[in-house]
There are 4 protein chains.
Amino acid sequence: MAGNSFGELFRYTTWGESHGIAIGCVVDGVPPRLPLAEPDIQHWLDRRRPGQSKFTTQRREPDKVRILSGVFEGQTTGAPIALAIENVDARSRDYGAIKDQFRPGHADFTYHAKYGIRDYRGGGRASARETAMRVAAGAIARKVLGEGVGIKGALIQIGQDRIDRANWNWNEVESNPFWCPDAVAAARWEALLMDVRKRGSSAGAVVEVVASGVPAGLGEPAYDKLDADLAKAIMSINAVKGVEIGAGFGAAELSGEDNADEIRIGNDGKPLFLSNQAGGILGGISTGQDVVVRFAVKPTSSILIPRRSIDCFGNEVEVVTKGRHDPCVGIRAVPVGEAMLAIVLADHLLRQRTLRD
Amino acid sequence: MAGNSFGELFRYTTWGESHGIAIGCVVDGVPPRLPLAEPDIQHWLDRRRPGQSKFTTQRREPDKVRILSGVFEGQTTGAPIALAIENVDARSRDYGAIKDQFRPGHADFTYHAKYGIRDYRGGGRASARETAMRVAAGAIARKVLGEGVGIKGALIQIGQDRIDRANWNWNEVESNPFWCPDAVAAARWEALLMDVRKRGSSAGAVVEVVASGVPAGLGEPAYDKLDADLAKAIMSINAVKGVEIGAGFGAAELSGEDNADEIRIGNDGKPLFLSNQAGGILGGISTGQDVVVRFAVKPTSSILIPRRSIDCFGNEVEVVTKGRHDPCVGIRAVPVGEAMLAIVLADHLLRQRTLRD
Amino acid sequence: MAGNSFGELFRYTTWGESHGIAIGCVVDGVPPRLPLAEPDIQHWLDRRRPGQSKFTTQRREPDKVRILSGVFEGQTTGAPIALAIENVDARSRDYGAIKDQFRPGHADFTYHAKYGIRDYRGGGRASARETAMRVAAGAIARKVLGEGVGIKGALIQIGQDRIDRANWNWNEVESNPFWCPDAVAAARWEALLMDVRKRGSSAGAVVEVVASGVPAGLGEPAYDKLDADLAKAIMSINAVKGVEIGAGFGAAELSGEDNADEIRIGNDGKPLFLSNQAGGILGGISTGQDVVVRFAVKPTSSILIPRRSIDCFGNEVEVVTKGRHDPCVGIRAVPVGEAMLAIVLADHLLRQRTLRD
Amino acid sequence: MAGNSFGELFRYTTWGESHGIAIGCVVDGVPPRLPLAEPDIQHWLDRRRPGQSKFTTQRREPDKVRILSGVFEGQTTGAPIALAIENVDARSRDYGAIKDQFRPGHADFTYHAKYGIRDYRGGGRASARETAMRVAAGAIARKVLGEGVGIKGALIQIGQDRIDRANWNWNEVESNPFWCPDAVAAARWEALLMDVRKRGSSAGAVVEVVASGVPAGLGEPAYDKLDADLAKAIMSINAVKGVEIGAGFGAAELSGEDNADEIRIGNDGKPLFLSNQAGGILGGISTGQDVVVRFAVKPTSSILIPRRSIDCFGNEVEVVTKGRHDPCVGIRAVPVGEAMLAIVLADHLLRQRTLRD
């Protein structure tokens, strides 16, 4: 109820603060006899890990995951799977300057309003560090989905600079530090972000994540629609301010005849949609087409440019956030978005099983 | 788990099909001793009711709500509140033509894939008729929130035609059949929609809903963030394809310094935000500013223009959807969006109470 | 959260007060394409219906159930199934005498303490009338379980008079007004209860319910153990004060070697337990043997013998409960116990499906 | 859904196997600003710890708990509290003998039936070791309840030997290795259990746990009745086979007039119940009297006396369970029962807060 868990049948709970002893999660509801070992999870964590390029935070965390339970002789047992990562580079420094200040755009003010206490070290529970555990849980979700379902993500916009979708190349995504599918845009972004950083500012971004091979029929019609659960999952990622499915906000501008995807029978004798404005979801249930989700990430609020704010005693102050921060936190949101997509799909895959005799 | 319920502490469950005997809901978790009578709910249902202008479906439903339980001598008792509305204008007509066809853009195909059976009469459970119960539950949520919290909504775009925000006038919203806050745009939309209708087509729309007077501190930090729950609530409304909070997708284009709302101490000695890019939510928790949510509604898929599709036997067919339909279903989505906003806030208001001694 | 729902995947929510307009429930999570019609439910309701013998309340309720949604052309559709029963014999009488009094042994005092308001007419929400909806939901649960699972119940003790288990005959259960499997005891109980009634008193009882044909493997190991969920389900029935599985409290008196059921291979090549002290559940998971649950029902608190109490103004009063009441409410608890057993098993059957690929 | 969590608002999730790396839990929903440190939890763990007398298992576990998150500068923050205990004395021994056998009375058979795989080392997830985490979570629950609520437990029966309630002395409970409130019985039990042990057998037990100072009004009327949730909580403890509230099964033998507790106004002007057959709960809601719960614990199934069983290949075998086991597991169930009582009360205390304005 305090909201540190996500999912119904595939359900995980995260814990830990940015500068505490460790962070971790418990993943419950994983079917038994799935092969699972630490490298299966580490692989995805490494993609999200900070400190890998000059465009992400310089905090150096090995983010080495340990499986503490639920796996026996290389297989899941049906018992809850506990994962933990020690916090290594949680520098013990002087927080005196900011411990009483509410940094603009941060959760400092709202945590104080809600709890009357907050762990101010590195953002505490509000830190994006929590997303490491989303990626870890996402790795297990991928195991539940099996190899038939592919999940990929890409950064399609930084600030006001969008990719050219004609240049889209999934192979390119792994070749630049932005997960950018457009090599031309990636080159521009290098300069763009260097400039942002130099100015002590930050930039927002738009991410697109896509799942292929999703069977038709996943999602519950009314409130737990597949897209509704995806919207929640994605909006729950730190700094996300908008989420859309398929044509998304663009659908508002289409005519009814252009928006509704027509269907024919394909050469394989199966239903073949002639377009995918729906983003693979109709009436909250998957169609079997690619599930396409896009989301907006606001610019990092931790910037070097002085901003006006107040402190918890009611004094007006000026805030500058030093420390190691991402100039564009949207970059590291790509693997997190993929993980949340995997988690929602795994949960609904298990839910759909309950309808079968 | 089958997803016909929403909310955790303020929790409601809906039931009923478009052309069944009735539709209804059970609202659980309503605190005792709130004054409640049928007109309190009917007031909001009347705003959503179809058949009130030429721009909404001509189905004539009085949508007269009955309270069946949970209210005694004019007050809530803490027991579950059951509401029901009889289906009156559920025309018994020949569904032969469409009962086996999958209408493009509709849930016909996905319900069939999921369940292997569907109540095809008027869309069955997938009908937007279900949203009447959201509005009814929303009316009770408003009682829980009390008079200090105000919730309003407006249509800000039809097709590609957006309002001019400089013209925004909340009084105007009740004066035109579109809930449009811009009198100039409303005049244009009249012509625009007449044309859409004449062509047998339909138009999408964008809705904005705003809550004022929300206390700071509502929302749970990690997965049940206030914005995450709002995203789910809104995306679960039929035909919604995108949702954003505050600056939303626009936040991706802002610099860190323009996006992070600065804070000062106001003349009343209280914190005063100098802008509201955050849409009233930071770190998933309300700031006390207006909560601002925007969402995109796709154009109605029921159109007179013939579309290619298939039937459940695997035959290719051409589909024309006759009957009484909304040329722009986004119009009636306004009161539904307001209701979902009220429901999420009421739920989190009750959740926040658990932290107090 | 307000607790009017039960079950996780097979989940139902009840509403309604004893003397309100109607009572009802919504059953969610029922798999599609199960045959279901009103007589399937009415059959079980008729067994619980009051007014059928002189040993149950003389309230005359036809308890005619209506299916309002979720069934189409004789089959479930996967949509929520709403059921309702009108209250017919809710006599409008003068409650003046008891509306401010707290009847000893009743929930009057605690509802007042909890809510500060209560619907005092006939017990309101606390009335055993709510159990009709448990029986209705149980009828649907039986459909989910299928014909391979048999669920039966019997009254095995009234007051201090226990049956002789050597006389157990399931056929006898339907032949006397007590659901008693021992014809000799049934004869004694007739006199016993006539005497109780004459004295204006009431008697407690013990019920046993048994499920056969339950597949091995149902139940979740830690907190949602099959027996834990059964304990909750049964203890939630009005007036129940104790519940036990298999040998139950008697297990405390057994030696380890007598308690642990030995296993051999049966003639059919399958595991064969040589006894069933476990009541069909080990480690919270079904063994495939009969699931055996026993529960104690306290004597009806509504009695004609004057009792000391207080009213809501803090005055000491003497209370006599007139009206139509069961001298032994345990009798009508038999079909309710059966229903709860069916509901818990159906829920866990669906849960077990999620583990299968 | 896989059932490793308990509670709604005060909600915790446990993980870990008997012979794995560690065991742990995450406690969510703890209100902020409660003082909490490791010794607060360790205190209660020490009471449950094995190896403290010859009447409990000789496994030597220091059971040293660590708080990994959710506490900052000695206070809870509202963030999830992660606790972990390393497994120290998890002897790596040869399990060859029993890894394929189904020990009678154990969960071996049912885990195999459910999952098709099991961690056989020391019982894996089914081990009573999991209950250490119940005690840890219970320690936090006590903090939520505050000092006004007192929770105590006692062993009142071993095998067929019951205490004399006239001898009840709470001080005595801490003075013998059985948590026995009757010094005379405690003396008898010493001999009784020595004999049981010598024979390689085991004995069952009955435990009583009592909460005083519970405010009236806790519990939700229909399915989440306070007693229903207690029944589930208690029945979910390993080896428990029966649970009762107040007079419990004895209530079935009482007359209506003897069972219904009368009420007067006490000298303090407050309601005063003249007896407590109800065990502090009416209609599922606390009355303000002591909440009294009793439960039966079956004899340990791990015994030295050979028993007939089968293995997972379908062979008939004879099983002897060597190793370090409790001759009467009911003894260590006392602190576990207390913990579950505290947890259920804390959960309902938070739930009740949601009704207050």
# chains A, B, ... in the order shown; residues from 1 in each chain; ligands from 1
>>> residues_around(residues="Gly159 (chain D)", least_positions_apart="5", cutoff="7 Å", atoms="only C-alpha atoms", output="list in words")
Ala252, Glu253 and Leu254 of chain C; Ala203, Gly204 and Ala205 of chain D
>>> write_last_selection(atoms="C-alpha atoms", output="compact mmCIF listing (two decimals), in the first residue's frame")
# COMPACT_ATOMS: atom_id res chain seq x y z
CA ALA C 252 -1.88 -31.11 19.68
CA GLU C 253 -2.59 -34.32 21.57
CA LEU C 254 -1.07 -36.71 19.06
CA ALA D 203 4.63 -33.62 20.95
CA GLY D 204 1.99 -31.10 19.88
CA ALA D 205 0.97 -28.05 21.84
>>> interface_residues(of="chain B", to="chain D", cutoff="9 Å", atoms="only C-alpha atoms", output="list of chain:residue names")
B:Leu9, B:Gly29, B:Val30, B:Pro31, B:Pro32, B:Gly78, B:Ala79, B:Pro221, B:Leu349, B:Leu350, B:Arg351, B:Gln352, B:Arg353, B:Thr354, B:Leu355, B:Arg356, B:Asp357
>>> residues_around(residues="Leu304 (chain B)", least_positions_apart="5", cutoff="8 Å", atoms="only C-alpha atoms", output="ChimeraX atom specification")
/B:200-201,320-322
>>> write_last_selection(atoms="C-alpha atoms", output="PDB file, in the first residue's frame")
ATOM      1  CA  GLY B 200     -19.085   9.766 -41.855  1.00  0.00           C
ATOM      2  CA  SER B 201     -15.723  10.210 -40.227  1.00  0.00           C
ATOM      3  CA  VAL B 320     -19.265  -0.081 -41.979  1.00  0.00           C
ATOM      4  CA  THR B 321     -20.411   0.767 -38.485  1.00  0.00           C
ATOM      5  CA  LYS B 322     -23.927   2.083 -38.519  1.00  0.00           C
TER       6      LYS B 322
END
>>> atom_distance(atom1="CA of Trp168 (chain D)", atom2="CA of Thr110 (chain C)")
29.2 Å
>>> atom_distance(atom1="CA of Arg66 (chain B)", atom2="CA of Gly283 (chain A)")
28.1 Å
>>> atom_distance(atom1="CA of Gly3 (chain C)", atom2="CA of Arg294 (chain C)")
23.6 Å
